[in-house]
Amino acid sequence: MPSLSKNGRIENTPADSDDAEAIRATLRGDRQAFARLVEKYQRPLYAMLRRLVRQHEDADDLLQECFLRAYQHLKEFEVSRPFYPWLYRIALNLALSSLRRRKWQQPMASLDLLPSGEEDPDQSIAAREFHVALERAIAKLPAEQRTILLLRTREDMSYQELSQTLGIEVGTVMSRLARAREKLRAWMRPHLEAVAK
């Protein structure tokens with residue numbers, strides 16, 4: 001089962017005994033115990049949320065909502081399992097809901113579609129036009145493909161992490177990602193040619 005690594009990503013480790021004790025103490029009414037969990041995990045969760053939703057205010061609101069929901073549903077959590085993946089999934093679901101509401105209006109410069117080395121002003125204009133077109137193209141993707149693409153490019157999640165986080169097979173992850181990239185390349189081909197000129 002995945003847990004928190006030093007860089008804030010999820011990896012396979014056993015349940016943290018300090019987390020389990022803090023959860024038990026919280027369920028006995030000790031609010032300071034839950035504050036320790038918030039302090040431990042707020043930075044990696046905020047970093048993930050900020051990468052996904054791009055705005056500090058939105059990431060901060062989602063982080064608070066994540067901890068509120070975790071607190072409200074803590075009695076449903078199985079203490080023998082790692083806590084961070086459960087918390088991460090709450091935060092991720094909140095972020096994805098937020099992005100669906102906004103229909104994904106942020107540019108994604110990390111898709112490896114845009115040629116590098118643009119210096120002259122005409123190319124800068126073409127690059128801006130490219131990003132506007134890219135935003136529109138991403139918004140047209142089916143939600144499941146857009147989600148996979150977003151998490152792979154913005155959150156730098158591995159296929160295994162995507163599989164565990166979204167509860168789907170690795171093959172499904174790969175095929176959805178491939179279809180999303182294929183569609184984007186087809187839709188963006190005229191814009192890529194304009195930027196490359």
# chains A, B, ... in the order shown; residues from 1 in each chain; ligands from 1
call {"tool": "closest_atom_pairs", "arguments": {"of": "region 37-110 of chain A", "to": "region 22-27 of chain A", "cutoff": "10 Å", "atoms": "only C-alpha atoms", "output": "tab-separated table"}}
result
residue	atom	partner	partner_atom	distance
A:Leu37	CA	A:Ala22	CA	7.1
A:Tyr71	CA	A:Thr26	CA	8.6
A:Leu74	CA	A:Ile23	CA	7.5
A:Lys75	CA	A:Leu27	CA	6.9
A:Phe77	CA	A:Ile23	CA	8.9
A:Glu78	CA	A:Ile23	CA	9.9
A:Val79	CA	A:Ile23	CA	7.3
A:Phe83	CA	A:Ile23	CA	8.9
call {"tool": "residues_around", "arguments": {"residues": "Val38 (chain A)", "least_positions_apart": "2", "cutoff": "12 Å", "atoms": "only C-alpha atoms", "output": "list of chain:residue names"}}
result
A:Asp19, A:Ala22, A:Ile23, A:Thr26, A:Arg31, A:Gln32, A:Ala33, A:Phe34, A:Ala35, A:Arg36, A:Lys40, A:Tyr41, A:Gln42, A:Arg43, A:Pro44, A:Leu45, A:Tyr46, A:Leu63, A:Gln64, A:Glu65, A:Cys66, A:Phe67, A:Leu68, A:Ala70, A:Tyr71, A:Phe83, A:Tyr84, A:Leu87
call {"tool": "atom_distance", "arguments": {"atom1": "CA of Glu144 (chain A)", "atom2": "CA of Pro190 (chain A)"}}
result
25.1 Å
call {"tool": "atom_distance", "arguments": {"atom1": "CA of Arg128 (chain A)", "atom2": "CA of Lys183 (chain A)"}}
result
20.3 Å
call {"tool": "atom_distance", "arguments": {"atom1": "CA of His73 (chain A)", "atom2": "CA of Asn93 (chain A)"}}
result
14.8 Å
call {"tool": "residues_around", "arguments": {"residues": "Met48 (chain A)", "least_positions_apart": "5", "cutoff": "9 Å", "atoms": "only C-alpha atoms", "output": "list in words"}}
result
Gly8, Arg9, Arg43, Val53, Ala59, Tyr88, Ala91, Leu92, Arg154 and Glu155 of chain A
call {"tool": "write_last_selection", "arguments": {"atoms": "N, CA and C atoms", "output": "PDB file, in the first residue's frame"}}
result
ATOM      1  N   GLY A   8       7.442  13.746  -0.839  1.00  0.00           N
ATOM      2  CA  GLY A   8       6.014  14.022  -0.820  1.00  0.00           C
ATOM      3  C   GLY A   8       5.193  13.150  -1.742  1.00  0.00           C
ATOM      4  N   ARG A   9       5.850  12.278  -2.522  1.00  0.00           N
ATOM      5  CA  ARG A   9       5.107  11.386  -3.396  1.00  0.00           C
ATOM      6  C   ARG A   9       4.748  10.118  -2.636  1.00  0.00           C
ATOM      7  N   ARG A  43       2.208  20.219   4.005  1.00  0.00           N
ATOM      8  CA  ARG A  43       3.117  20.713   2.970  1.00  0.00           C
ATOM      9  C   ARG A  43       3.099  19.860   1.700  1.00  0.00           C
ATOM     10  N   VAL A  53      -4.068  22.790  -9.309  1.00  0.00           N
ATOM     11  CA  VAL A  53      -5.044  23.870  -9.503  1.00  0.00           C
ATOM     12  C   VAL A  53      -4.405  25.220  -9.790  1.00  0.00           C
ATOM     13  N   ALA A  59      -5.681  26.210  -3.900  1.00  0.00           N
ATOM     14  CA  ALA A  59      -4.972  25.099  -3.251  1.00  0.00           C
ATOM     15  C   ALA A  59      -5.175  25.148  -1.743  1.00  0.00           C
ATOM     16  N   TYR A  88      -4.286  11.656   0.690  1.00  0.00           N
ATOM     17  CA  TYR A  88      -3.904  12.094  -0.658  1.00  0.00           C
ATOM     18  C   TYR A  88      -5.079  11.924  -1.615  1.00  0.00           C
ATOM     19  N   ALA A  91      -7.657  14.649  -1.108  1.00  0.00           N
ATOM     20  CA  ALA A  91      -7.178  15.900  -1.705  1.00  0.00           C
ATOM     21  C   ALA A  91      -7.250  15.845  -3.226  1.00  0.00           C
ATOM     22  N   LEU A  92      -6.833  14.726  -3.796  1.00  0.00           N
ATOM     23  CA  LEU A  92      -6.848  14.570  -5.243  1.00  0.00           C
ATOM     24  C   LEU A  92      -8.272  14.646  -5.788  1.00  0.00           C
ATOM     25  N   ARG A 154       1.514  17.060 -14.617  1.00  0.00           N
ATOM     26  CA  ARG A 154       1.632  18.083 -13.570  1.00  0.00           C
ATOM     27  C   ARG A 154       2.139  17.507 -12.263  1.00  0.00           C
ATOM     28  N   GLU A 155       1.670  16.327 -11.930  1.00  0.00           N
ATOM     29  CA  GLU A 155       2.007  15.723 -10.643  1.00  0.00           C
ATOM     30  C   GLU A 155       3.153  14.733 -10.780  1.00  0.00           C
TER      31      GLU A 155
END
call {"tool": "closest_residue", "arguments": {"among": "A:Gln160, A:His131, A:Leu96, A:Leu166", "to": "Ala143 (chain A)", "atoms": "only C-alpha atoms"}}
result
A:Leu96
call {"tool": "select_by_dssp", "arguments": {"residues": "region 60-182 of chain A", "states": "alpha helix (DSSP H)", "output": "VMD selection string"}}
result
chain A and resid 60 to 72 83 to 102 121 to 140 143 to 153 159 to 166 170 to 182
